[in-house]
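What's in work39.tsv: TSV, C-alpha atoms
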```tsv
chain	number	residue	atom	x	y	z
J	1	MET	CA	99.80	85.42	80.59
J	2	PRO	CA	99.63	88.64	82.62
J	3	LYS	CA	102.68	90.86	82.73
J	4	TYR	CA	104.75	90.57	85.93
J	5	GLN	CA	104.32	93.42	88.40
J	6	ALA	CA	106.86	93.79	91.19
J	7	GLN	CA	105.57	93.39	94.70
J	8	PRO	CA	105.02	96.97	95.91
J	9	PRO	CA	107.42	98.39	98.50
J	10	ARG	CA	106.36	98.11	102.13
J	11	GLY	CA	106.96	101.84	102.48
J	12	ASP	CA	108.50	101.77	105.96
J	13	ARG	CA	112.16	102.03	104.91
J	14	PRO	CA	114.27	103.47	102.11
J	15	LEU	CA	114.89	101.17	99.16
J	16	ALA	CA	118.23	99.67	98.17
J	17	ILE	CA	118.07	98.60	94.54
J	18	LEU	CA	120.81	96.07	93.81
J	19	GLY	CA	122.25	94.86	90.56
J	20	ILE	CA	123.93	91.47	90.40
J	21	SER	CA	126.64	91.68	87.72
J	22	ASP	CA	129.61	93.70	88.98
J	23	VAL	CA	127.93	94.03	92.40
J	24	VAL	CA	127.48	90.46	93.66
J	25	VAL	CA	129.06	88.55	90.78
J	26	LEU	CA	132.45	89.62	89.50
J	27	GLU	CA	132.89	88.58	85.89
J	28	GLY	CA	136.43	89.83	85.28
J	29	GLU	CA	139.67	89.66	87.20
J	30	PRO	CA	138.85	90.55	90.82
J	31	ASP	CA	140.77	93.03	92.94
J	32	VAL	CA	139.35	91.63	96.21
J	33	PRO	CA	139.22	88.14	97.69
J	34	VAL	CA	136.43	86.08	96.10
J	35	THR	CA	134.92	82.67	96.61
J	36	ARG	CA	133.60	80.56	93.77
J	37	HIS	CA	130.02	79.41	94.24
J	38	GLU	CA	127.82	77.13	92.21
J	39	VAL	CA	124.43	78.82	91.99
J	40	SER	CA	121.15	77.50	90.68
J	41	ALA	CA	117.51	78.50	90.61
J	42	TRP	CA	115.10	75.68	91.24
J	43	GLY	CA	117.64	73.17	89.92
J	44	ARG	CA	116.91	74.11	86.31
J	45	TRP	CA	120.42	75.33	85.58
J	46	VAL	CA	123.75	75.68	87.33
J	47	ARG	CA	126.36	78.39	86.98
J	48	ASP	CA	129.73	78.95	88.64
J	49	VAL	CA	130.22	82.52	89.84
J	50	GLN	CA	132.79	84.42	91.85
J	51	ILE	CA	131.37	86.46	94.71
J	52	PRO	CA	133.43	88.99	96.68
J	53	ASP	CA	134.01	87.65	100.18
J	54	GLY	CA	132.51	90.79	101.75
J	55	ALA	CA	129.30	90.76	99.68
J	56	ALA	CA	127.19	88.71	102.11
J	57	ASP	CA	128.10	90.96	105.05
J	58	GLY	CA	127.40	94.05	102.94
J	59	ILE	CA	123.98	92.79	101.93
J	60	ARG	CA	123.11	91.92	105.55
J	61	ARG	CA	124.15	95.42	106.59
J	62	LEU	CA	122.04	96.98	103.85
J	63	ALA	CA	119.04	94.79	104.72
J	64	ALA	CA	119.15	96.06	108.30
J	65	ARG	CA	118.28	99.58	107.14
J	66	TYR	CA	116.85	99.27	103.63
J	67	GLU	CA	114.21	97.25	101.84
J	68	ILE	CA	116.22	95.33	99.24
J	69	VAL	CA	114.97	95.09	95.66
J	70	TRP	CA	116.82	93.30	92.86
J	71	ALA	CA	117.18	95.01	89.47
J	72	SER	CA	119.25	92.87	87.15
J	73	GLU	CA	119.34	90.50	84.24
J	74	TRP	CA	118.91	87.71	86.80
J	75	GLY	CA	115.27	88.75	87.23
J	76	HIS	CA	113.17	86.35	89.29
J	77	ASN	CA	116.18	84.03	89.68
J	78	ALA	CA	118.28	86.50	91.69
J	79	HIS	CA	117.09	85.72	95.20
J	80	THR	CA	116.75	81.98	94.71
J	81	ALA	CA	120.11	81.60	92.98
J	82	PHE	CA	122.07	83.56	95.58
J	83	ALA	CA	120.17	82.65	98.76
J	84	ALA	CA	122.64	80.03	99.99
J	85	ALA	CA	125.81	81.85	98.88
J	86	LEU	CA	124.74	85.13	100.51
J	87	GLY	CA	122.70	83.86	103.45
J	88	LEU	CA	119.51	85.53	102.20
J	89	PRO	CA	116.16	85.20	103.98
J	90	ASP	CA	113.72	82.52	102.82
J	91	ASP	CA	111.15	85.03	101.58
J	92	PRO	CA	112.46	86.43	98.30
J	93	TRP	CA	113.01	90.12	97.95
J	94	PRO	CA	111.11	91.75	95.11
J	95	PHE	CA	112.74	92.24	91.75
J	96	LEU	CA	112.21	94.79	89.03
J	97	PRO	CA	111.85	93.21	85.59
J	98	VAL	CA	114.47	95.41	83.97
J	99	GLN	CA	117.89	94.86	82.49
J	100	PHE	CA	118.52	98.12	80.62
J	101	ASP	CA	117.39	101.71	81.18
J	102	LYS	CA	116.77	100.96	84.84
J	103	LEU	CA	116.51	104.50	86.18
J	104	GLU	CA	112.93	105.24	85.12
J	105	THR	CA	111.77	101.83	86.35
J	106	ILE	CA	113.44	102.46	89.71
J	107	ARG	CA	111.86	105.90	89.99
J	108	ALA	CA	108.40	104.57	89.14
J	109	TYR	CA	108.72	101.72	91.63
J	110	ALA	CA	110.06	103.92	94.45
J	111	GLY	CA	107.45	106.62	94.07
J	112	GLU	CA	107.94	108.98	97.02
J	113	LEU	CA	110.30	106.64	98.88
J	114	PRO	CA	114.00	107.45	99.14
J	115	TRP	CA	116.20	105.04	97.22
J	116	VAL	CA	119.79	104.05	96.60
J	117	TRP	CA	120.74	102.19	93.43
J	118	ILE	CA	123.91	100.11	93.70
J	119	ASP	CA	125.01	98.76	90.34
J	120	GLY	CA	127.92	98.36	87.97
J	121	PRO	CA	129.01	101.02	85.51
J	122	VAL	CA	125.60	101.16	83.88
J	123	VAL	CA	125.17	102.29	80.32
J	124	ASP	CA	121.85	104.06	80.78
J	125	LEU	CA	123.22	106.95	82.84
J	126	HIS	CA	125.32	109.37	80.88
J	127	GLU	CA	125.24	112.06	83.56
J	128	PRO	CA	125.18	110.30	86.96
J	129	ASP	CA	125.68	113.57	88.81
J	130	ALA	CA	122.30	114.69	87.47
J	131	VAL	CA	120.51	112.15	89.71
J	132	GLU	CA	119.13	114.22	92.58
J	133	ASP	CA	116.06	112.22	93.56
J	134	GLY	CA	118.02	109.19	94.77
J	135	VAL	CA	121.49	107.98	95.60
J	136	LEU	CA	123.49	106.36	92.83
J	137	VAL	CA	126.43	104.11	93.67
J	138	ARG	CA	128.46	102.76	90.80
J	139	VAL	CA	130.67	99.92	91.93
J	140	ASP	CA	134.14	99.08	90.69
J	141	PRO	CA	133.52	95.86	88.71
J	142	ARG	CA	136.76	94.40	90.13
J	143	ARG	CA	135.54	94.88	93.71
J	144	GLY	CA	131.75	94.79	93.60
J	145	LEU	CA	129.84	95.39	96.80
J	146	ALA	CA	133.00	94.60	98.79
J	147	GLY	CA	134.47	97.87	97.52
J	148	VAL	CA	131.52	100.05	98.56
J	149	ASP	CA	131.77	102.25	101.65
J	150	LEU	CA	128.36	101.51	103.16
J	151	GLY	CA	128.84	104.23	105.78
J	152	ALA	CA	129.10	106.75	102.93
J	153	VAL	CA	125.95	105.24	101.37
J	154	ASP	CA	124.10	105.73	104.68
J	155	ASP	CA	125.38	109.32	104.92
J	156	ALA	CA	124.20	110.06	101.37
J	157	MET	CA	120.80	108.52	102.18
J	158	ASP	CA	120.54	110.65	105.33
J	159	ARG	CA	121.21	113.77	103.24
J	160	LEU	CA	118.64	112.70	100.63
J	161	MET	CA	116.01	112.06	103.30
J	162	ALA	CA	116.71	115.46	104.89
J	163	ARG	CA	116.25	117.15	101.48
J	164	MET	CA	113.02	115.24	100.94
J	165	ARG	CA	111.69	116.28	104.38
J	166	ALA	CA	112.67	119.91	103.74
J	167	GLY	CA	110.92	119.81	100.35
J	168	LYS	CA	107.69	118.54	101.95
J	169	GLU	CA	107.85	121.23	104.64
J	170	ASP	CA	108.30	123.92	101.99
J	171	ALA	CA	105.30	122.69	99.99
```
For the structure just supplied, provide its representation as structure tokens.
Amino acid sequence: MPKYQAQPPRGDRPLAILGISDVVVLEGEPDVPVTRHEVSAWGRWVRDVQIPDGAADGIRRLAARYEIVWASEWGHNAHTAFAAALGLPDDPWPFLPVQFDKLETIRAYAGELPWVWIDGPVVDLHEPDAVEDGVLVRVDPRRGLAGVDLGAVDDAMDRLMARMRAGKEDA
């Protein structure tokens, strides 16, 4: 069986790489209103999850500007499992087949495209301030995406894109 390769980015927008745990699904005691959802992928399994009430709106807002890509332990199940709960489009967004050490996979996938990675307190980044080639957003696992200031994310992306343009002009 050939190894899965993520659908390549379209290249017309910045990428928003989204984790699921701590971002869309809150595992611990939440600090924001949540709704319990029963999710399933292709009817093969069912799981009850708690999703922050603002997550669907946040994802719609991100999708208006960014190309969304999943990067989580949910793998190919992410889009299908959360489509109804989050109001996702019928065509699944691509996913990166990575659960740990995501940064290098994200960089390789993004190539020259600007990217923002929104995820929980990940273990593979010991110096998050050292990330200069993208925007890193670590969510509070009690708030998930509902606790993220998406205006600040857009501002950080605008600054990244300006640096990238200036770097190309200097080359």
Per residue of stretch 51-160 of chain J within 9 Å of stretch 19-32 of chain J, note the shortest atom pair and the distance in Å to one decimal, counting only C-alpha atoms, and order the rows by chain and increasing residue number, as CSV.
```
residue,atom,partner,partner_atom,distance
J:Ile51,CA,J:Val25,CA,5.0
J:Pro52,CA,J:Val32,CA,6.5
J:Asp53,CA,J:Val32,CA,7.8
J:Gly54,CA,J:Val32,CA,8.8
J:Ala55,CA,J:Val24,CA,6.3
J:Ala56,CA,J:Val24,CA,8.6
J:Val69,CA,J:Gly19,CA,8.9
J:Trp70,CA,J:Gly19,CA,6.1
J:Ala71,CA,J:Gly19,CA,5.2
J:Ser72,CA,J:Gly19,CA,5.0
J:Glu73,CA,J:Ile20,CA,7.7
J:Trp74,CA,J:Ile20,CA,7.2
J:Ala78,CA,J:Ile20,CA,7.6
J:Phe82,CA,J:Val24,CA,9.0
J:Trp117,CA,J:Gly19,CA,8.0
J:Ile118,CA,J:Gly19,CA,6.3
J:Asp119,CA,J:Gly19,CA,4.8
J:Gly120,CA,J:Asp22,CA,5.1
J:Pro121,CA,J:Asp22,CA,8.1
J:Arg138,CA,J:Val23,CA,8.9
J:Val139,CA,J:Val23,CA,6.5
J:Asp140,CA,J:Asp22,CA,7.2
J:Pro141,CA,J:Asp22,CA,4.5
J:Arg142,CA,J:Pro30,CA,4.4
J:Arg143,CA,J:Val32,CA,5.6
J:Gly144,CA,J:Val23,CA,4.1
J:Leu145,CA,J:Val23,CA,5.0
J:Ala146,CA,J:Val32,CA,7.5
J:Gly147,CA,J:Val32,CA,8.0
```
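Straight-line separation from atom CA of J:Gly167 to atom CA of J:Leu62: 25.6 Å.
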Can you list, as a short mmCIF file (atom, residue, chain, number, x, y, z; two decimals) with C-alpha atoms, keeping the file's coordinate frame, every protein, DNA or RNA residue that comes within 8 Å of J:Arg36 when you count only C-alpha atoms, leaving out same-chain residues fewer than 5 positions away?
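Written file, part-v1.cif:
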```cif
data_model
loop_
_atom_site.label_atom_id
_atom_site.label_comp_id
_atom_site.auth_asym_id
_atom_site.auth_seq_id
_atom_site.Cartn_x
_atom_site.Cartn_y
_atom_site.Cartn_z
CA ASP J 48 129.73 78.95 88.64
CA VAL J 49 130.22 82.52 89.84
CA GLN J 50 132.79 84.42 91.85
CA ILE J 51 131.37 86.46 94.71
#
```
Item to complete: Have a look at atom CA of J:Ile17 and atom CA of J:Arg107 and let me know their distance in Å, one decimal.
Response: 10.6 Å
Item to complete: Grab the atom CA of J:Ala156 to atom CA of J:Ala110 distance for me, in Å with one decimal place.
Response: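 Distance reported for this atom pair: 16.9 Å.
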Worksheet entry | Near-J:Val135 list (8 Å; all atoms listed in the file; drop same-chain fewer than 5 positions) as a VMD selection string | chain J and resid 115 to 117 153 156 to 157 160
Worksheet, complete the sentence: Counting only C-alpha atoms, closest pick from J:Trp93, J:Phe100, J:Tyr109, J:Tyr4 relative to J:Ala63 is J:Trp93
Worksheet item: Given the choices J:Gln7, J:Ala85, J:Asp158, J:Arg47, which gets closest to J:Thr35 if the distance is worked out from only C-alpha atoms?
Response: J:Ala85
Item to complete: Between J:Asp154, J:Asp101, J:Glu67, J:Glu112, single out the one closest to J:Pro9, counting only C-alpha atoms.
Response: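 Selected residue with least distance to J:Pro9: J:Glu67.
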Discussion item. Using only C-alpha atoms, can you tell me which of J:Asp91, J:Glu38, J:Asp133, J:Asp57 comes closest to J:Ala162?
Written reply: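 Of J:Asp91, J:Glu38, J:Asp133, J:Asp57, the one nearest J:Ala162 is J:Asp133, counting only C-alpha atoms.
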